[in-house]
$ cat my_file_3.cif   # mmCIF, C-alpha atoms and all ligand atoms
data_upload
loop_
_atom_site.label_atom_id
_atom_site.label_comp_id
_atom_site.auth_asym_id
_atom_site.auth_seq_id
_atom_site.Cartn_x
_atom_site.Cartn_y
_atom_site.Cartn_z
CA MET A 1 -31.05 2.45 -2.01
CA ILE A 2 -28.51 0.95 -4.39
CA ALA A 3 -29.85 -2.22 -6.00
CA ASP A 4 -29.03 -4.44 -8.94
CA SER A 5 -31.33 -6.03 -11.51
CA PHE A 6 -31.55 -9.23 -9.41
CA GLY A 7 -33.01 -7.32 -6.45
CA ARG A 8 -29.84 -7.41 -4.36
CA VAL A 9 -29.54 -4.29 -2.20
CA HIS A 10 -25.96 -3.03 -1.87
CA ASP A 11 -25.15 -1.47 1.48
CA TYR A 12 -21.51 -2.49 2.02
CA LEU A 13 -18.67 -0.52 0.44
CA ARG A 14 -15.05 -1.62 0.39
CA ILE A 15 -12.64 1.24 -0.21
CA SER A 16 -9.07 0.60 -1.28
CA LEU A 17 -6.87 3.37 0.11
CA THR A 18 -3.83 2.48 -1.98
CA ASP A 19 -2.42 -0.18 -4.29
CA ASN A 20 0.90 0.21 -2.47
CA CYS A 21 2.03 -2.36 0.04
CA ASN A 22 5.00 -3.12 2.28
CA PHE A 23 4.57 -6.87 1.55
CA ARG A 24 4.99 -8.80 -1.69
CA CYS A 25 2.56 -11.72 -1.27
CA PHE A 26 2.90 -13.70 -4.51
CA TYR A 27 -0.79 -14.63 -4.66
CA CYS A 28 -1.85 -10.99 -4.53
CA MET A 29 0.68 -9.08 -6.61
CA PRO A 30 1.21 -9.47 -10.36
CA GLU A 31 4.26 -11.47 -11.39
CA GLU A 32 5.86 -8.76 -13.47
CA GLU A 33 7.51 -5.60 -12.03
CA TYR A 34 4.65 -3.52 -10.72
CA ASP A 35 4.56 0.29 -10.58
CA PHE A 36 2.35 1.58 -7.79
CA THR A 37 -0.13 4.26 -8.81
CA PRO A 38 1.30 7.77 -8.27
CA ALA A 39 -0.33 9.69 -5.41
CA SER A 40 -1.92 12.28 -7.75
CA ARG A 41 -3.97 9.54 -9.46
CA LEU A 42 -5.24 8.18 -6.17
CA MET A 43 -8.38 9.49 -4.54
CA GLN A 44 -7.34 12.26 -2.16
CA THR A 45 -8.64 12.38 1.42
CA ASP A 46 -11.45 14.85 0.67
CA GLU A 47 -12.42 12.90 -2.46
CA ILE A 48 -12.70 9.64 -0.49
CA ILE A 49 -14.92 11.34 2.06
CA LYS A 50 -17.11 12.98 -0.60
CA LEU A 51 -17.62 9.69 -2.42
CA ALA A 52 -18.21 7.78 0.82
CA LYS A 53 -20.90 10.31 1.78
CA VAL A 54 -22.73 9.72 -1.51
CA PHE A 55 -22.79 5.97 -0.80
CA VAL A 56 -23.88 6.52 2.81
CA SER A 57 -26.72 8.82 1.64
CA GLN A 58 -27.97 5.84 -0.39
CA GLY A 59 -28.09 3.44 2.53
CA VAL A 60 -24.53 2.11 2.86
CA LYS A 61 -24.16 0.85 6.43
CA LYS A 62 -20.70 -0.67 6.44
CA ILE A 63 -17.36 0.49 5.04
CA ARG A 64 -14.23 -1.65 4.93
CA LEU A 65 -10.83 -0.07 4.33
CA THR A 66 -8.46 -2.23 2.39
CA GLY A 67 -5.79 -2.05 -0.29
CA GLY A 68 -2.91 -2.76 -1.00
CA GLU A 69 -1.99 -2.12 2.58
CA PRO A 70 -4.33 0.63 3.81
CA LEU A 71 -2.10 1.61 6.73
CA VAL A 72 0.96 2.45 4.57
CA ARG A 73 -0.84 5.42 3.07
CA LYS A 74 0.68 8.60 4.56
CA ASP A 75 -2.69 10.23 5.23
CA ALA A 76 -4.36 7.01 6.44
CA ALA A 77 -4.95 8.52 9.89
CA ALA A 78 -6.81 11.54 8.48
CA ILE A 79 -8.96 9.33 6.23
CA ILE A 80 -9.79 6.89 9.01
CA SER A 81 -10.68 9.71 11.41
CA ALA A 82 -12.97 11.38 8.87
CA LEU A 83 -14.71 8.14 7.89
CA GLY A 84 -15.13 7.33 11.58
CA LYS A 85 -17.50 10.29 11.83
CA LEU A 86 -19.93 8.82 9.27
CA PRO A 87 -22.91 6.78 10.50
CA VAL A 88 -21.47 3.44 9.37
CA GLU A 89 -19.75 0.42 10.83
CA LEU A 90 -16.10 1.04 9.92
CA VAL A 91 -13.77 -1.97 9.64
CA ILE A 92 -10.37 -2.61 8.12
CA THR A 93 -8.33 -5.42 6.55
CA THR A 94 -4.59 -5.08 7.10
CA ASN A 95 -1.41 -7.11 7.03
CA GLY A 96 -0.94 -6.06 10.64
CA THR A 97 2.48 -4.41 10.48
CA ARG A 98 1.34 -0.88 11.37
CA VAL A 99 -1.36 -1.76 13.85
CA ALA A 100 0.53 -0.73 16.99
CA GLU A 101 1.36 2.79 15.80
CA MET A 102 -2.14 3.29 14.35
CA LEU A 103 -4.05 1.84 17.29
CA PRO A 104 -5.10 5.18 18.87
CA VAL A 105 -6.49 6.36 15.50
CA LEU A 106 -8.29 3.07 14.87
CA LYS A 107 -9.88 3.12 18.32
CA GLU A 108 -10.80 6.79 18.09
CA ALA A 109 -12.56 6.11 14.76
CA GLY A 110 -14.67 3.45 16.47
CA ILE A 111 -13.14 0.46 14.67
CA LYS A 112 -14.07 -2.62 16.71
CA THR A 113 -13.14 -5.43 14.32
CA ILE A 114 -9.84 -5.84 12.48
CA ASN A 115 -9.10 -8.49 9.87
CA ILE A 116 -5.42 -9.40 9.75
CA SER A 117 -3.89 -11.51 7.00
CA LEU A 118 -1.64 -14.25 8.27
CA ASP A 119 -1.14 -17.31 6.08
CA THR A 120 1.31 -19.21 8.26
CA LEU A 121 2.37 -19.54 11.89
CA GLN A 122 5.97 -20.27 10.84
CA ALA A 123 8.39 -17.34 10.59
CA GLU A 124 10.36 -18.81 7.67
CA LYS A 125 7.30 -19.59 5.62
CA PHE A 126 5.94 -16.12 6.36
CA MET A 127 9.09 -14.72 4.76
CA LEU A 128 8.63 -16.99 1.74
CA ILE A 129 5.03 -15.85 1.19
CA THR A 130 5.34 -12.13 1.95
CA ARG A 131 9.05 -11.61 1.23
CA ARG A 132 9.27 -9.62 4.47
CA ASP A 133 10.88 -10.67 7.77
CA VAL A 134 8.23 -9.28 10.13
CA PHE A 135 6.39 -12.37 11.33
CA HIS A 136 7.02 -11.60 15.00
CA GLN A 137 5.89 -7.99 14.60
CA VAL A 138 2.57 -9.11 13.12
CA ARG A 139 2.10 -11.76 15.83
CA SER A 140 2.78 -9.26 18.61
CA ASN A 141 0.35 -6.77 17.04
CA ILE A 142 -2.33 -9.46 17.04
CA GLU A 143 -1.64 -10.03 20.76
CA LEU A 144 -1.93 -6.27 21.31
CA LEU A 145 -5.37 -6.18 19.64
CA LEU A 146 -6.57 -9.13 21.71
CA HIS A 147 -5.32 -7.39 24.83
CA GLU A 148 -7.27 -4.27 23.76
CA LYS A 149 -10.41 -6.45 23.38
CA ILE A 150 -10.68 -5.62 19.68
CA THR A 151 -12.29 -8.41 17.65
CA VAL A 152 -9.61 -10.08 15.54
CA LYS A 153 -10.30 -12.11 12.43
CA ILE A 154 -7.36 -13.84 10.78
CA ASN A 155 -7.45 -14.22 6.98
CA MET A 156 -5.51 -17.31 5.89
CA VAL A 157 -5.37 -18.12 2.16
CA VAL A 158 -5.02 -21.90 2.03
CA MET A 159 -2.67 -23.14 -0.71
CA LYS A 160 -2.08 -26.83 -1.35
CA GLY A 161 1.42 -27.98 -0.46
CA LEU A 162 2.29 -24.61 1.07
CA ASN A 163 0.23 -24.08 4.20
CA ASP A 164 -2.62 -26.62 4.12
CA GLY A 165 -0.63 -28.66 6.66
CA GLU A 166 -1.04 -25.80 9.17
CA ILE A 167 -4.83 -25.87 9.38
CA LYS A 168 -4.68 -27.77 12.69
CA ASP A 169 -2.19 -25.25 14.14
CA PHE A 170 -4.53 -22.39 13.29
CA ILE A 171 -7.48 -24.22 14.87
CA ASP A 172 -5.36 -24.93 17.98
CA TRP A 173 -4.81 -21.17 18.24
CA THR A 174 -8.58 -20.67 18.70
CA LYS A 175 -8.64 -22.95 21.76
CA HIS A 176 -7.73 -20.23 24.27
CA ASN A 177 -8.07 -17.09 22.13
CA PRO A 178 -11.29 -15.37 21.03
CA ILE A 179 -10.13 -15.11 17.40
CA GLN A 180 -11.91 -16.16 14.24
CA ILE A 181 -9.78 -17.90 11.62
CA ARG A 182 -11.07 -17.31 8.10
CA PHE A 183 -9.72 -19.95 5.74
CA ILE A 184 -9.91 -18.51 2.20
CA GLU A 185 -9.90 -20.51 -1.01
CA PHE A 186 -7.05 -19.33 -3.26
CA MET A 187 -8.53 -17.20 -6.09
CA PRO A 188 -7.19 -16.44 -9.56
CA PHE A 189 -6.24 -12.85 -10.45
CA SER A 190 -4.13 -11.32 -13.16
CA GLY A 191 -0.54 -12.60 -12.86
CA ASN A 192 -0.87 -14.40 -9.50
CA LYS A 193 0.29 -17.90 -10.54
CA TRP A 194 -3.06 -19.46 -9.68
CA THR A 195 -3.57 -23.06 -10.81
CA SER A 196 -6.45 -25.27 -9.77
CA ASN A 197 -4.12 -27.83 -8.18
CA LYS A 198 -2.86 -25.19 -5.71
CA MET A 199 -6.40 -24.65 -4.50
CA PHE A 200 -7.51 -26.21 -1.24
CA SER A 201 -11.30 -26.35 -1.30
CA LEU A 202 -14.01 -25.81 1.31
CA GLN A 203 -14.54 -29.56 1.48
CA GLU A 204 -10.82 -30.27 1.86
CA ILE A 205 -10.51 -27.66 4.61
CA LEU A 206 -13.49 -29.12 6.49
CA THR A 207 -12.14 -32.64 6.15
CA ALA A 208 -8.76 -31.49 7.48
CA VAL A 209 -10.36 -29.86 10.54
CA GLU A 210 -12.73 -32.77 11.19
CA LYS A 211 -9.79 -35.16 11.34
CA ASP A 212 -8.84 -33.71 14.75
CA PHE A 213 -11.90 -31.84 16.02
CA THR A 214 -15.68 -32.02 16.37
CA VAL A 215 -17.03 -29.31 14.09
CA LEU A 216 -20.45 -27.69 14.47
CA PRO A 217 -21.93 -25.34 11.85
CA VAL A 218 -23.01 -21.90 13.06
CA GLU A 219 -25.68 -19.82 11.35
CA GLY A 220 -24.17 -16.71 9.77
CA ALA A 221 -25.55 -13.24 9.03
CA PRO A 222 -27.66 -12.75 5.86
CA HIS A 223 -24.87 -11.33 3.66
CA ASP A 224 -21.99 -13.41 4.97
CA THR A 225 -19.36 -14.45 2.47
CA ALA A 226 -18.15 -17.06 4.91
CA LYS A 227 -19.54 -20.32 6.23
CA HIS A 228 -19.13 -20.32 10.01
CA PHE A 229 -18.20 -23.16 12.35
CA MET A 230 -17.38 -23.70 16.01
CA ILE A 231 -15.53 -26.33 17.94
CA PRO A 232 -16.90 -27.20 21.38
CA GLY A 233 -14.54 -25.97 24.12
CA HIS A 234 -12.75 -23.46 21.87
CA GLU A 235 -12.93 -19.77 22.73
CA GLY A 236 -12.50 -18.77 19.10
CA SER A 237 -14.14 -20.09 15.94
CA PHE A 238 -13.42 -20.55 12.25
CA ALA A 239 -15.01 -19.77 8.93
CA ILE A 240 -14.41 -20.75 5.32
CA ILE A 241 -14.62 -18.35 2.39
CA SER A 242 -15.38 -20.65 -0.51
CA THR A 243 -15.53 -18.23 -3.42
CA MET A 244 -14.27 -20.85 -5.87
CA THR A 245 -16.27 -23.96 -4.95
CA ALA A 246 -19.39 -22.54 -3.25
CA PRO A 247 -19.70 -18.80 -3.94
CA PHE A 248 -22.02 -16.47 -2.08
CA CYS A 249 -23.20 -14.33 -5.00
CA SER A 250 -26.95 -14.72 -4.45
CA THR A 251 -26.87 -12.53 -1.32
CA CYS A 252 -24.00 -10.24 -2.32
CA ASN A 253 -24.27 -6.67 -1.01
CA ARG A 254 -20.71 -5.53 -1.79
CA MET A 255 -19.31 -2.73 -3.92
CA ARG A 256 -15.64 -1.95 -4.35
CA LEU A 257 -13.98 1.40 -4.87
CA THR A 258 -10.42 1.07 -6.13
CA ALA A 259 -7.70 3.43 -4.88
CA ASP A 260 -7.85 5.29 -8.22
CA GLY A 261 -11.56 5.88 -7.79
CA LYS A 262 -13.09 3.22 -10.03
CA LEU A 263 -16.22 1.44 -8.90
CA LYS A 264 -16.22 -2.34 -9.38
CA ASN A 265 -19.59 -4.01 -8.92
CA CYS A 266 -17.95 -7.41 -8.31
CA LEU A 267 -14.51 -8.67 -7.32
CA PHE A 268 -14.40 -10.52 -10.65
CA SER A 269 -16.04 -7.92 -12.91
CA ASN A 270 -13.95 -6.83 -15.87
CA GLY A 271 -15.80 -3.53 -16.20
CA GLU A 272 -15.38 -0.55 -13.89
CA THR A 273 -16.90 2.92 -13.58
CA ASP A 274 -14.65 5.94 -13.15
CA LEU A 275 -16.14 7.90 -10.26
CA LEU A 276 -13.02 9.93 -9.50
CA THR A 277 -12.80 11.62 -12.92
CA ALA A 278 -16.51 12.42 -12.75
CA LEU A 279 -16.08 13.87 -9.26
CA ARG A 280 -13.11 15.96 -10.40
CA ASN A 281 -15.24 17.25 -13.32
CA ASP A 282 -17.96 18.26 -10.90
CA GLU A 283 -20.37 15.72 -12.35
CA ASP A 284 -23.05 13.97 -10.29
CA VAL A 285 -21.62 10.53 -9.46
CA LEU A 286 -24.87 9.01 -8.15
CA PRO A 287 -26.32 8.05 -11.58
CA LEU A 288 -22.98 6.40 -12.38
CA ILE A 289 -23.09 4.37 -9.17
CA MET A 290 -26.69 3.30 -9.75
CA ALA A 291 -25.99 2.27 -13.37
CA SER A 292 -22.86 0.34 -12.42
CA ILE A 293 -24.60 -1.73 -9.74
CA TRP A 294 -27.68 -2.27 -11.92
CA GLU A 295 -25.42 -3.90 -14.51
CA LYS A 296 -23.89 -6.31 -11.98
CA LYS A 297 -23.79 -9.89 -13.26
CA LYS A 298 -25.62 -12.65 -11.42
CA ALA A 299 -22.45 -14.42 -10.26
CA LEU A 300 -18.65 -14.02 -10.16
CA GLY A 301 -18.60 -11.08 -12.58
CA GLY A 302 -19.84 -13.44 -15.32
CA GLN A 303 -16.27 -14.68 -15.64
CA LEU A 304 -15.64 -17.69 -13.40
CA ILE A 305 -18.54 -19.72 -14.72
CA SER A 306 -16.74 -22.98 -15.46
CA HIS A 307 -15.85 -25.46 -12.71
CA PHE A 308 -12.60 -24.35 -11.07
CA GLU A 309 -10.72 -27.43 -12.31
CA SER A 310 -11.25 -26.44 -15.93
CA LEU A 311 -10.75 -22.71 -15.35
CA ASP A 312 -8.15 -20.99 -17.51
CA ALA A 313 -6.76 -18.35 -15.15
CA ALA A 314 -4.85 -16.64 -17.99
CA ALA A 315 -8.13 -15.95 -19.82
CA ILE A 316 -9.62 -14.04 -16.89
CA ASN A 317 -9.80 -10.33 -17.59
CA ASN A 318 -9.36 -8.53 -14.28
CA ARG A 319 -6.97 -6.42 -12.27
CA SER A 320 -4.59 -8.07 -9.83
CA MET A 321 -5.92 -8.35 -6.27
CA ILE A 322 -3.58 -5.64 -4.98
CA THR A 323 -5.06 -3.10 -7.41
CA ILE A 324 -8.68 -4.08 -6.70
CA GLY A 325 -8.63 -4.07 -2.93
CA GLY A 326 -9.43 -7.45 -1.41
N1 LIG B 401 -2.98 -5.68 2.78
C1 LIG B 401 -4.14 -6.08 3.47
C2 LIG B 401 -4.07 -7.53 3.89
O1 LIG B 401 -3.20 -8.24 3.41
O2 LIG B 401 -4.89 -7.92 4.70
C3 LIG B 401 -5.44 -5.80 2.73
C4 LIG B 401 -5.49 -6.12 1.27
S1 LIG B 401 -5.41 -7.82 0.83
C5 LIG B 401 -5.56 -7.73 -0.93
C6 LIG B 401 -6.99 -8.39 1.37
C7 LIG B 401 -7.15 -9.88 1.50
O3 LIG B 401 -7.13 -10.46 0.21
C8 LIG B 401 -6.05 -10.55 2.30
O4 LIG B 401 -6.61 -11.29 3.36
C9 LIG B 401 -5.41 -11.48 1.31
O5 LIG B 401 -4.96 -12.66 1.92
C10 LIG B 401 -6.54 -11.73 0.34
N2 LIG B 401 -6.08 -12.18 -0.97
C11 LIG B 401 -5.17 -11.59 -1.78
N3 LIG B 401 -4.99 -12.30 -2.91
C12 LIG B 401 -5.80 -13.39 -2.80
C13 LIG B 401 -6.05 -14.52 -3.63
N4 LIG B 401 -5.45 -14.67 -4.79
N5 LIG B 401 -6.94 -15.44 -3.21
C14 LIG B 401 -7.58 -15.29 -2.02
N6 LIG B 401 -7.39 -14.25 -1.19
C15 LIG B 401 -6.51 -13.31 -1.56
FE1 LIG B 402 0.04 -6.61 0.49
FE2 LIG B 402 -2.16 -7.63 1.58
FE3 LIG B 402 -1.55 -8.14 -0.96
FE4 LIG B 402 -0.04 -9.20 0.91
S1 LIG B 402 -2.24 -9.62 0.59
S2 LIG B 402 0.72 -8.14 -0.96
S3 LIG B 402 -0.11 -7.66 2.46
S4 LIG B 402 -2.07 -6.20 -0.15
#
$ encode --input "my_file_3.cif" --output "C-alpha cells"
Amino acid sequence: MIADSFGRVHDYLRISLTDNCNFRCFYCMPEEEYDFTPASRLMQTDEIIKLAKVFVSQGVKKIRLTGGEPLVRKDAAAIISALGKLPVELVITTNGTRVAEMLPVLKEAGIKTINISLDTLQAEKFMLITRRDVFHQVRSNIELLLHEKITVKINMVVMKGLNDGEIKDFIDWTKHNPIQIRFIEFMPFSGNKWTSNKMFSLQEILTAVEKDFTVLPVEGAPHDTAKHFMIPGHEGSFAIISTMTAPFCSTCNRMRLTADGKLKNCLFSNGETDLLTALRNDEDVLPLIMASIWEKKKALGGQLISHFESLDAAAINNRSMITIGG
C-alpha cells in the first residue's frame, strides 16, 4: 500500500508516455520554443512496464496514459498492449487525432473509457487554440468511439472570453449522446499565460448551465476530482473539475510518472523523484516511491495556497503541463 502522511492511500497512477505532441495548445505548452525530450531520455517500453508492475504490486488499481499526446509515441501500441495485461483499469487521455488508427489496440488492451480534449465546437476556434486544422478529424473520431460503445468523456478547459460562451452548446451535445462533458478550470503552469481573469470558475460554469437547464447534482465516486451533474432528459451528463476554486486534495489518490521517469506526488509539487535513473542503476525503486508519496503536501503541492485572484502565476515553481502529463 502506498500512503502519505495524511493517511491518503494512493492507488491511481498516471503515466506520461511522452512530452511530444502534434498540437500546440497555448494553455498547455510553455510560451518559449520548446525542445521535446529526446527518445533516449524517455522511459523505454520495458522500463514503463517494470515501473508499472512495482506500483501494481503495491495496490495500484488504475493507470491512465497521458502526455503530451500519448498516441504520437511510436511504440505506443506495444506499451498499451503490455499494460493491458496488468490487473488494472487502463484508461487514456488523448487529443483524439490518432484514435481511429489505434482503436484495435485500445480495444484489445481492454480500454473502455477514453477522455478526449476538445475545448470548442467551432472549427476556427479549434485552430486558434491548438494551432492545428483537424477539428473534423477529432469530431469524427469521437463519433467512432460512440459507435463502438466506448465511454467518451470530453475535457473542455473553460477560458473566459474564449470559449465560456460555448458551455450551452456542449450541454446541448449531451442531449442525445451518452457523453460526459468535463468542464475544467484553467490552471496555471510554467509559461502558459494564465491570469486569474481568464479563469472561469465552478460557480460561473454552474450559473451558465443553470441559465438554460435544470441541473441536478449526482453523487460521485470517493476519489473523484470532478463534481458531477445531470440534466433531466439528457442522455449524457456533465462534471466540473474545480482545481482552482474548490480542489479535491483531501481524497487525492493520484501519482504521476513523467515521460522521463520522474515521480511527482502532486500535479503542483515542485519536487520530483527520479525513478528512471534508479531503475537504470539497478536500484530498488520502491523505497523511493514510498518516500516520495509520504512527503506529499496536504494540498496543491503546497504552492497554490493563496486565493486564485491574488495568485502570482510567475512565482509558481513547476513544469509546464505538457511535461508533467495532465
Ligand atoms: N494530449 C492529451 C490531451 O490533450 O488530452 C493528454 C495530455 S493533456 C496535458 C491532458 C489534459 O490536460 C487535457 O484535457 C488538457 O485540456 C488539460 N490541460 C492542459 N493544460 C491545462 C491547464 N492549463 N489548465 C487546465 N487543464 C489543462
Ligand atoms: Fe498536446 Fe494535449 Fe497539451 Fe494540447 S493539451 S498541447 S493536445 S498535450
$ residues_near_ligand --input "my_file_3.cif" --ligand "ligand LIG 402 (chain B)" --cutoff "6 Å" --atoms "all atoms listed in the file" --output "ChimeraX atom specification"
/A:21,23-25,28-29,67-69,95,322
$ residues_near_ligand --input "my_file_3.cif" --ligand "ligand LIG 401 (chain B)" --cutoff "7 Å" --atoms "all atoms listed in the file" --output "VMD selection string"
chain A and resid 21 27 to 28 66 to 70 93 to 95 115 to 117 155 to 157 184 to 189 192 321 to 322 325 to 326
$ residues_around --input "my_file_3.cif" --residues "A:Ile167" --least-positions-apart "6" --cutoff "10 Å" --atoms "only C-alpha atoms" --output "PDB file with C-alpha atoms, in the coordinates of the input"
ATOM      1  CA  ASP A 119      -1.140 -17.310   6.080  1.00  0.00           C
ATOM      2  CA  THR A 120       1.310 -19.210   8.260  1.00  0.00           C
ATOM      3  CA  LEU A 121       2.370 -19.540  11.890  1.00  0.00           C
ATOM      4  CA  MET A 156      -5.510 -17.310   5.890  1.00  0.00           C
ATOM      5  CA  VAL A 158      -5.020 -21.900   2.030  1.00  0.00           C
ATOM      6  CA  ILE A 181      -9.780 -17.900  11.620  1.00  0.00           C
ATOM      7  CA  PHE A 183      -9.720 -19.950   5.740  1.00  0.00           C
ATOM      8  CA  ILE A 205     -10.510 -27.660   4.610  1.00  0.00           C
ATOM      9  CA  LEU A 206     -13.490 -29.120   6.490  1.00  0.00           C
ATOM     10  CA  ALA A 208      -8.760 -31.490   7.480  1.00  0.00           C
ATOM     11  CA  VAL A 209     -10.360 -29.860  10.540  1.00  0.00           C
TER      12      VAL A 209
END
$ closest_residue --input "my_file_3.cif" --among "A:Ile171, A:Leu42, A:Ala239, A:Asn177" --to "A:Lys211" --atoms "all atoms listed in the file"
A:Ile171
$ closest_residue --input "my_file_3.cif" --among "A:Gln180, A:Gln137, A:Thr258, A:Ser16" --to "A:Lys227" --atoms "all atoms listed in the file"
A:Gln180
$ atom_distance --input "my_file_3.cif" --atom1 "atom CA of A:Val9" --atom2 "atom CA of A:Ile154"
27.4 Å
$ atom_distance --input "my_file_3.cif" --atom1 "atom CA of A:Ile179" --atom2 "atom CA of A:Asp133"
23.5 Å
$ residues_around --input "my_file_3.cif" --residues "A:Lys112" --least-positions-apart "3" --cutoff "8 Å" --atoms "only C-alpha atoms" --output "count of residues only"
5
$ decode --input "my_file_3.cif" --residues "stretch 86-99 of chain A" --atoms "N, CA, C and O atoms" --output "mmCIF file, in the first residue's frame"
data_model
loop_
_atom_site.group_PDB
_atom_site.id
_atom_site.type_symbol
_atom_site.label_atom_id
_atom_site.label_comp_id
_atom_site.auth_asym_id
_atom_site.auth_seq_id
_atom_site.Cartn_x
_atom_site.Cartn_y
_atom_site.Cartn_z
ATOM 1 N N LEU A 86 -1.846 -6.081 -17.371
ATOM 2 C CA LEU A 86 -1.755 -5.947 -15.909
ATOM 3 C C LEU A 86 -3.165 -5.912 -15.301
ATOM 4 O O LEU A 86 -4.119 -5.479 -15.962
ATOM 5 N N PRO A 87 -3.284 -6.333 -14.040
ATOM 6 C CA PRO A 87 -4.617 -6.349 -13.415
ATOM 7 C C PRO A 87 -5.044 -4.966 -12.934
ATOM 8 O O PRO A 87 -5.176 -4.712 -11.732
ATOM 9 N N VAL A 88 -5.211 -4.047 -13.883
ATOM 10 C CA VAL A 88 -5.630 -2.677 -13.541
ATOM 11 C C VAL A 88 -6.694 -2.210 -14.529
ATOM 12 O O VAL A 88 -6.820 -2.765 -15.626
ATOM 13 N N GLU A 89 -7.413 -1.171 -14.137
ATOM 14 C CA GLU A 89 -8.284 -0.487 -15.091
ATOM 15 C C GLU A 89 -7.378 0.456 -15.883
ATOM 16 O O GLU A 89 -6.734 1.340 -15.304
ATOM 17 N N LEU A 90 -7.303 0.244 -17.199
ATOM 18 C CA LEU A 90 -6.432 1.073 -18.033
ATOM 19 C C LEU A 90 -7.291 2.092 -18.789
ATOM 20 O O LEU A 90 -8.270 1.732 -19.439
ATOM 21 N N VAL A 91 -6.920 3.373 -18.674
ATOM 22 C CA VAL A 91 -7.666 4.425 -19.380
ATOM 23 C C VAL A 91 -6.661 5.374 -20.037
ATOM 24 O O VAL A 91 -5.450 5.268 -19.806
ATOM 25 N N ILE A 92 -7.159 6.272 -20.854
ATOM 26 C CA ILE A 92 -6.235 7.135 -21.598
ATOM 27 C C ILE A 92 -6.866 8.518 -21.796
ATOM 28 O O ILE A 92 -8.085 8.640 -21.909
ATOM 29 N N THR A 93 -6.021 9.536 -21.797
ATOM 30 C CA THR A 93 -6.456 10.886 -22.166
ATOM 31 C C THR A 93 -5.712 11.263 -23.439
ATOM 32 O O THR A 93 -4.482 11.177 -23.496
ATOM 33 N N THR A 94 -6.445 11.671 -24.462
ATOM 34 C CA THR A 94 -5.830 11.925 -25.764
ATOM 35 C C THR A 94 -6.497 13.121 -26.437
ATOM 36 O O THR A 94 -7.631 13.466 -26.105
ATOM 37 N N ASN A 95 -5.777 13.718 -27.384
ATOM 38 C CA ASN A 95 -6.414 14.803 -28.136
ATOM 39 C C ASN A 95 -7.294 14.251 -29.264
ATOM 40 O O ASN A 95 -7.918 15.016 -29.989
ATOM 41 N N GLY A 96 -7.299 12.950 -29.432
ATOM 42 C CA GLY A 96 -8.278 12.321 -30.311
ATOM 43 C C GLY A 96 -7.862 12.152 -31.765
ATOM 44 O O GLY A 96 -8.565 11.493 -32.529
ATOM 45 N N THR A 97 -6.708 12.689 -32.153
ATOM 46 C CA THR A 97 -6.360 12.637 -33.581
ATOM 47 C C THR A 97 -6.039 11.225 -34.066
ATOM 48 O O THR A 97 -6.304 10.885 -35.207
ATOM 49 N N ARG A 98 -5.422 10.408 -33.199
ATOM 50 C CA ARG A 98 -4.974 9.080 -33.649
ATOM 51 C C ARG A 98 -5.885 7.941 -33.202
ATOM 52 O O ARG A 98 -5.475 6.775 -33.235
ATOM 53 N N VAL A 99 -7.066 8.297 -32.746
ATOM 54 C CA VAL A 99 -7.944 7.280 -32.168
ATOM 55 C C VAL A 99 -8.367 6.220 -33.184
ATOM 56 O O VAL A 99 -8.379 5.028 -32.882
#
